[in-house]
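Next comes run01.txt, a file with compact mmCIF, C-alpha atoms.
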```txt
# COMPACT_ATOMS: atom_id res chain seq x y z
CA MET M 1 -14.83 -4.77 -18.53
CA LEU M 2 -15.16 -1.75 -16.22
CA ASN M 3 -13.23 1.40 -16.93
CA ASP M 4 -11.35 3.04 -14.04
CA TYR M 5 -14.16 5.45 -13.25
CA GLU M 6 -16.82 2.72 -13.07
CA GLY M 7 -14.48 0.55 -11.02
CA GLU M 8 -13.91 3.37 -8.54
CA LYS M 9 -17.69 3.89 -8.23
CA ASN M 10 -18.14 0.17 -7.50
CA ILE M 11 -15.47 0.32 -4.80
CA ILE M 12 -17.28 3.22 -3.19
CA ARG M 13 -20.58 1.27 -3.26
CA GLU M 14 -18.87 -1.79 -1.82
CA GLU M 15 -17.58 0.27 1.09
CA GLN M 16 -21.03 -0.01 2.63
CA THR M 17 -20.47 -3.79 2.92
CA LYS M 18 -16.90 -3.43 4.14
CA TYR M 19 -14.63 -6.40 3.97
CA LEU M 20 -11.56 -4.54 5.01
CA ALA M 21 -8.92 -6.13 7.17
CA ASP M 22 -9.28 -5.02 10.77
CA GLY M 23 -7.27 -7.97 12.00
CA PRO M 24 -5.26 -10.86 10.61
CA LYS M 25 -6.56 -12.30 7.36
CA VAL M 26 -5.32 -15.38 5.57
CA LYS M 27 -3.09 -14.66 2.62
CA PRO M 28 -4.71 -15.49 -0.69
CA ASP M 29 -3.37 -17.98 -3.18
CA ARG M 30 -0.81 -16.71 -5.68
CA ASN M 31 -1.76 -16.16 -9.29
CA MET M 32 0.48 -16.94 -12.23
CA ASP M 33 0.58 -14.66 -15.25
CA SER M 34 3.12 -15.08 -18.03
CA GLY M 35 5.12 -17.47 -15.83
CA ILE M 36 5.34 -14.98 -12.93
CA TYR M 37 3.66 -15.56 -9.58
CA SER M 38 2.08 -12.65 -7.73
CA TYR M 39 -0.49 -12.11 -5.01
CA PRO M 40 -3.74 -10.32 -5.73
CA ARG M 41 -4.15 -6.81 -4.38
CA SER M 42 -7.43 -5.51 -2.99
CA ARG M 43 -8.63 -2.30 -4.61
CA LYS M 44 -10.86 -1.77 -1.58
CA GLU M 45 -7.86 -1.81 0.78
CA ALA M 46 -6.01 0.67 -1.46
CA PHE M 47 -9.08 2.91 -1.65
CA GLU M 48 -9.44 2.82 2.14
CA ALA M 49 -5.77 3.79 2.54
CA LYS M 50 -6.29 6.74 0.19
CA LYS M 51 -9.34 7.88 2.16
CA ARG M 52 -7.41 7.61 5.44
CA SER M 53 -4.56 9.68 4.00
CA ASN M 54 -7.09 12.35 2.99
CA TRP M 55 -5.74 12.05 -0.55
CA VAL M 56 -2.35 13.59 0.29
CA CYS M 57 1.20 12.28 0.05
CA GLU M 58 2.07 10.60 3.35
CA PHE M 59 5.77 11.23 2.92
CA ASN M 60 5.41 14.97 2.36
CA ARG M 61 1.93 16.42 2.86
CA GLU M 62 3.05 19.61 1.11
CA HIS M 63 3.50 17.85 -2.23
CA GLU M 64 0.92 18.97 -4.72
CA THR M 65 -0.46 16.70 -7.38
CA PHE M 66 -3.19 16.82 -10.00
CA THR M 67 -6.90 16.08 -9.77
CA ASN M 68 -7.64 12.48 -10.65
CA ILE M 69 -10.32 12.11 -13.33
CA THR M 70 -11.66 8.87 -11.82
CA ASN M 71 -12.68 10.31 -8.46
CA GLY M 72 -12.11 14.08 -8.42
CA ASN M 73 -9.58 13.79 -5.59
CA PRO M 74 -5.91 14.70 -5.64
CA HIS M 75 -4.01 11.85 -7.32
CA VAL M 76 -2.11 9.66 -4.89
CA GLU M 77 -0.70 6.22 -5.56
CA ALA M 78 -0.97 3.21 -3.26
CA HIS M 79 2.30 1.55 -2.22
CA HIS M 80 2.63 -1.49 0.05
CA LEU M 81 5.25 -0.50 2.61
CA ILE M 82 6.00 -4.17 3.24
CA PRO M 83 6.38 -5.06 -0.42
CA MET M 84 3.99 -7.66 -1.82
CA ALA M 85 7.11 -9.54 -2.98
CA ALA M 86 7.62 -10.35 0.73
CA GLN M 87 4.19 -12.02 1.06
CA ASP M 88 5.69 -15.53 1.07
CA TYR M 89 7.52 -14.60 4.28
CA TYR M 90 4.17 -14.28 6.12
CA GLU M 91 1.25 -16.61 6.83
CA ASN M 92 -1.20 -13.70 7.00
CA SER M 93 -1.93 -11.30 4.18
CA ILE M 94 0.08 -8.10 3.98
CA ASP M 95 -2.50 -6.54 1.65
CA PHE M 96 -4.32 -4.31 4.13
CA ALA M 97 -4.87 -0.55 4.35
CA ASP M 98 -2.50 -0.15 7.31
CA ASN M 99 0.34 -1.48 5.11
CA ILE M 100 -0.52 0.77 2.19
CA VAL M 101 1.03 4.22 2.12
CA CYS M 102 -0.29 6.86 -0.23
CA LEU M 103 2.33 8.78 -2.16
CA CYS M 104 2.38 11.47 -4.80
CA PRO M 105 3.74 10.21 -8.14
CA THR M 106 7.20 11.67 -7.43
CA CYS M 107 7.50 10.03 -4.02
CA HIS M 108 6.15 6.74 -5.36
CA SER M 109 8.90 6.75 -7.98
CA ARG M 110 11.42 7.77 -5.32
CA ILE M 111 10.61 4.79 -3.07
CA HIS M 112 11.24 2.46 -6.02
CA TYR M 113 14.14 4.13 -7.85
CA ALA M 114 16.03 6.53 -5.58
CA VAL M 115 19.59 5.91 -4.44
CA ARG M 116 19.80 3.74 -1.33
CA ALA M 117 20.40 6.51 1.22
CA GLU M 118 17.43 8.55 0.01
CA LYS M 119 15.20 5.49 -0.22
CA LYS M 120 16.26 4.29 3.24
CA GLY M 121 15.36 7.60 4.89
CA MET M 122 11.96 7.55 3.24
CA ILE M 123 11.20 3.94 4.23
CA VAL M 124 12.28 4.47 7.82
CA GLU M 125 10.14 7.60 8.17
CA LEU M 126 7.06 5.91 6.70
CA PHE M 127 7.62 2.79 8.82
CA ASN M 128 7.92 4.83 12.02
CA GLN M 129 4.54 6.42 11.28
CA ARG M 130 2.78 3.04 11.26
CA LYS M 131 4.98 0.40 12.90
CA ASN M 132 2.52 -0.11 15.76
CA LEU M 133 -0.27 -1.14 13.37
CA TYR M 134 1.24 -4.37 12.06
CA LEU M 135 0.79 -6.65 15.08
CA LYS M 136 -3.01 -6.33 14.96
CA HIS M 137 -2.77 -7.92 11.50
CA GLY M 138 -0.54 -10.73 12.78
CA ILE M 139 2.55 -9.29 11.04
CA LYS M 140 5.86 -9.16 12.89
CA ILE M 141 8.22 -6.65 11.30
CA ASP M 142 10.97 -4.32 12.42
CA GLU M 143 12.96 -1.68 10.60
CA LYS M 144 15.88 -3.98 9.81
CA LEU M 145 13.68 -6.67 8.23
CA LEU M 146 11.80 -4.06 6.21
CA LEU M 147 15.08 -2.66 4.88
CA ILE M 148 16.16 -6.20 3.97
CA PHE M 149 12.96 -6.57 1.92
CA TYR M 150 14.00 -3.44 -0.02
CA GLY M 151 17.54 -4.75 -0.50
CA ILE M 152 19.04 -1.93 1.56
CA VAL M 153 20.60 -3.88 4.46
```
Just give me the structure of the file as structure tokens.
Amino acid sequence: MLNDYEGEKNIIREEQTKYLADGPKVKPDRNMDSGIYSYPRSRKEAFEAKKRSNWVCEFNREHETFTNITNGNPHVEAHHLIPMAAQDYYENSIDFADNIVCLCPTCHSRIHYAVRAEKKGMIVELFNQRKNLYLKHGIKIDEKLLLIFYGIV
């Protein structure tokens, strides 16, 4: 089994043979683990999102973080703005770099655990930054539906 550092190096090597979503891609089959279904997530798509963000928090570019031992870049965490739990709602995959926001650890926790008003403001701001990117992936979404997915509306 690869450790995180070796896995990150393999992702970088694989970037030369890109298979990143630049248009609609069929959603993969669900996996079941311990009686729970989930959809696989592409490490390459997450890595591409981190590169595009220039390794900074997309919610607040002033947020400082630590240097990640696996790649020497500032540590940011990948978060699917349209949550992967909503994948069944769509025929096409929602696991693509344009749907992955990069957040510092504090903001990543905030988007999951903050009070509704704080979470809503964050989601709306992040959605407004990228809402025009979804149609090229065959994904129809608006702010209200996204907030429903987060249980806010």
Around the point (-7.9, 3.7, 2.7) (coordinates from the file), which residues reach within 9 Å if we count all atoms listed in the file? Answer as an MDAnalysis selection string. chainID M and resid 44:54 96:98 100:102
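CA of Lys25 in chain M is positioned 28.9 Å from CA of Ser109 in chain M.
Proximity ranking of M:Pro83, M:Gly72, M:Gly151, M:Gly23 relative to Ser38 in chain M places M:Pro83 first, based on all atoms listed in the file.
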Interatomic distance (Å, one decimal) between CA of Glu77 in chain M and CA of His63 in chain M: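 Computing the Euclidean distance for CA of Glu77 in chain M and CA of His63 in chain M yields 12.8 Å.
Minimum atom-to-atom distances from M:Tyr113, M:Tyr39, M:Phe127, M:Phe66 to Leu145 in chain M were compared using all atoms listed in the file, and the lowest value belongs to M:Phe127.
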The residues within 12 Å of (-4.7, -18.2, -1.2), using all atoms listed in the file and the coordinates of the file, should be reported as a ChimeraX atom specification; which are they? /M:25-31,38-41,87-88,91-93
Tell me which of M:Ile94, M:Ile152, M:Pro24, M:Val56 sits closest to Lys136 in chain M, counting all atoms listed in the file. M:Pro24
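Note that CA of Tyr150 in chain M and CA of Lys131 in chain M are 16.2 Å apart.
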Residue contacts of Glu125 in chain M (12 Å, all atoms listed in the file) excluding same-chain residues fewer than 5 positions away, as a PDB file with C-alpha atoms, keeping the file's coordinate frame:
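Written file, selection-v3.pdb:
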```pdb
ATOM      1  CA  GLU M  58       2.070  10.600   3.350  1.00  0.00           C
ATOM      2  CA  PHE M  59       5.770  11.230   2.920  1.00  0.00           C
ATOM      3  CA  ASN M  60       5.410  14.970   2.360  1.00  0.00           C
ATOM      4  CA  LEU M  81       5.250  -0.500   2.610  1.00  0.00           C
ATOM      5  CA  VAL M 101       1.030   4.220   2.120  1.00  0.00           C
ATOM      6  CA  ILE M 111      10.610   4.790  -3.070  1.00  0.00           C
ATOM      7  CA  GLU M 118      17.430   8.550   0.010  1.00  0.00           C
ATOM      8  CA  LYS M 119      15.200   5.490  -0.220  1.00  0.00           C
ATOM      9  CA  LYS M 120      16.260   4.290   3.240  1.00  0.00           C
ATOM     10  CA  ARG M 130       2.780   3.040  11.260  1.00  0.00           C
ATOM     11  CA  LYS M 131       4.980   0.400  12.900  1.00  0.00           C
ATOM     12  CA  GLU M 143      12.960  -1.680  10.600  1.00  0.00           C
ATOM     13  CA  LEU M 146      11.800  -4.060   6.210  1.00  0.00           C
ATOM     14  CA  LEU M 147      15.080  -2.660   4.880  1.00  0.00           C
TER      15      LEU M 147
END
```
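The smallest atom-to-atom distance between Cys104 in chain M and any of M:Thr65, M:Ser34, M:Thr70, M:Ser42, using all atoms listed in the file, is found for M:Thr65.
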Kindly add N, CA, C and O atoms to the incomplete range 17-40 of chain M and provide the output as a tab-separated table (two decimals), in the frame of the given file.
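So the final result, stored in rebuild36.tsv, reads:
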```tsv
chain	number	residue	atom	x	y	z
M	17	THR	N	-20.53	-2.41	2.46
M	17	THR	CA	-20.47	-3.79	2.92
M	17	THR	C	-19.02	-4.15	3.19
M	17	THR	O	-18.54	-5.19	2.76
M	18	LYS	N	-18.35	-3.32	3.93
M	18	LYS	CA	-16.90	-3.43	4.14
M	18	LYS	C	-16.43	-4.85	4.37
M	18	LYS	O	-16.98	-5.59	5.17
M	19	TYR	N	-15.41	-5.23	3.66
M	19	TYR	CA	-14.63	-6.40	3.97
M	19	TYR	C	-13.19	-5.96	3.99
M	19	TYR	O	-12.36	-6.37	3.21
M	20	LEU	N	-12.92	-5.04	4.88
M	20	LEU	CA	-11.56	-4.54	5.01
M	20	LEU	C	-10.92	-5.23	6.20
M	20	LEU	O	-11.58	-5.55	7.19
M	21	ALA	N	-9.64	-5.44	6.11
M	21	ALA	CA	-8.92	-6.13	7.17
M	21	ALA	C	-8.83	-5.25	8.41
M	21	ALA	O	-8.24	-4.19	8.37
M	22	ASP	N	-9.44	-5.71	9.50
M	22	ASP	CA	-9.28	-5.02	10.77
M	22	ASP	C	-8.55	-5.93	11.75
M	22	ASP	O	-8.47	-5.66	12.92
M	23	GLY	N	-8.06	-7.01	11.24
M	23	GLY	CA	-7.27	-7.97	12.00
M	23	GLY	C	-6.60	-8.90	11.02
M	23	GLY	O	-6.70	-8.71	9.81
M	24	PRO	N	-5.94	-9.94	11.52
M	24	PRO	CA	-5.26	-10.86	10.61
M	24	PRO	C	-6.22	-11.47	9.60
M	24	PRO	O	-7.34	-11.83	9.93
M	25	LYS	N	-5.78	-11.56	8.35
M	25	LYS	CA	-6.56	-12.30	7.36
M	25	LYS	C	-5.60	-13.22	6.62
M	25	LYS	O	-4.42	-12.91	6.45
M	26	VAL	N	-6.12	-14.36	6.24
M	26	VAL	CA	-5.32	-15.38	5.57
M	26	VAL	C	-4.85	-14.85	4.23
M	26	VAL	O	-5.61	-14.20	3.50
M	27	LYS	N	-3.59	-15.11	3.93
M	27	LYS	CA	-3.09	-14.66	2.62
M	27	LYS	C	-3.77	-15.46	1.52
M	27	LYS	O	-4.03	-16.66	1.66
M	28	PRO	N	-4.07	-14.80	0.43
M	28	PRO	CA	-4.71	-15.49	-0.69
M	28	PRO	C	-3.70	-16.35	-1.45
M	28	PRO	O	-2.49	-16.24	-1.26
M	29	ASP	N	-4.22	-17.20	-2.31
M	29	ASP	CA	-3.37	-17.98	-3.18
M	29	ASP	C	-2.71	-17.08	-4.21
M	29	ASP	O	-3.29	-16.07	-4.63
M	30	ARG	N	-1.52	-17.46	-4.63
M	30	ARG	CA	-0.81	-16.71	-5.68
M	30	ARG	C	-1.47	-16.98	-7.03
M	30	ARG	O	-2.03	-18.03	-7.26
M	31	ASN	N	-1.34	-16.02	-7.90
M	31	ASN	CA	-1.76	-16.16	-9.29
M	31	ASN	C	-0.51	-16.25	-10.15
M	31	ASN	O	0.53	-15.70	-9.80
M	32	MET	N	-0.64	-16.92	-11.30
M	32	MET	CA	0.48	-16.94	-12.23
M	32	MET	C	0.03	-16.27	-13.52
M	32	MET	O	-1.04	-16.56	-14.04
M	33	ASP	N	0.84	-15.34	-13.98
M	33	ASP	CA	0.58	-14.66	-15.25
M	33	ASP	C	1.89	-14.56	-16.00
M	33	ASP	O	2.88	-14.03	-15.47
M	34	SER	N	1.92	-15.09	-17.19
M	34	SER	CA	3.12	-15.08	-18.03
M	34	SER	C	4.32	-15.70	-17.31
M	34	SER	O	5.44	-15.21	-17.38
M	35	GLY	N	4.05	-16.76	-16.52
M	35	GLY	CA	5.12	-17.47	-15.83
M	35	GLY	C	5.62	-16.79	-14.56
M	35	GLY	O	6.60	-17.21	-13.97
M	36	ILE	N	4.94	-15.72	-14.13
M	36	ILE	CA	5.34	-14.98	-12.93
M	36	ILE	C	4.24	-15.08	-11.89
M	36	ILE	O	3.07	-14.82	-12.18
M	37	TYR	N	4.62	-15.48	-10.68
M	37	TYR	CA	3.66	-15.56	-9.58
M	37	TYR	C	3.53	-14.20	-8.91
M	37	TYR	O	4.52	-13.48	-8.74
M	38	SER	N	2.32	-13.86	-8.51
M	38	SER	CA	2.08	-12.65	-7.73
M	38	SER	C	0.84	-12.87	-6.88
M	38	SER	O	0.04	-13.76	-7.15
M	39	TYR	N	0.69	-12.05	-5.87
M	39	TYR	CA	-0.49	-12.11	-5.01
M	39	TYR	C	-1.46	-11.03	-5.44
M	39	TYR	O	-1.06	-9.92	-5.79
M	40	PRO	N	-2.75	-11.34	-5.37
M	40	PRO	CA	-3.74	-10.32	-5.73
M	40	PRO	C	-3.72	-9.17	-4.73
M	40	PRO	O	-3.36	-9.34	-3.57
```
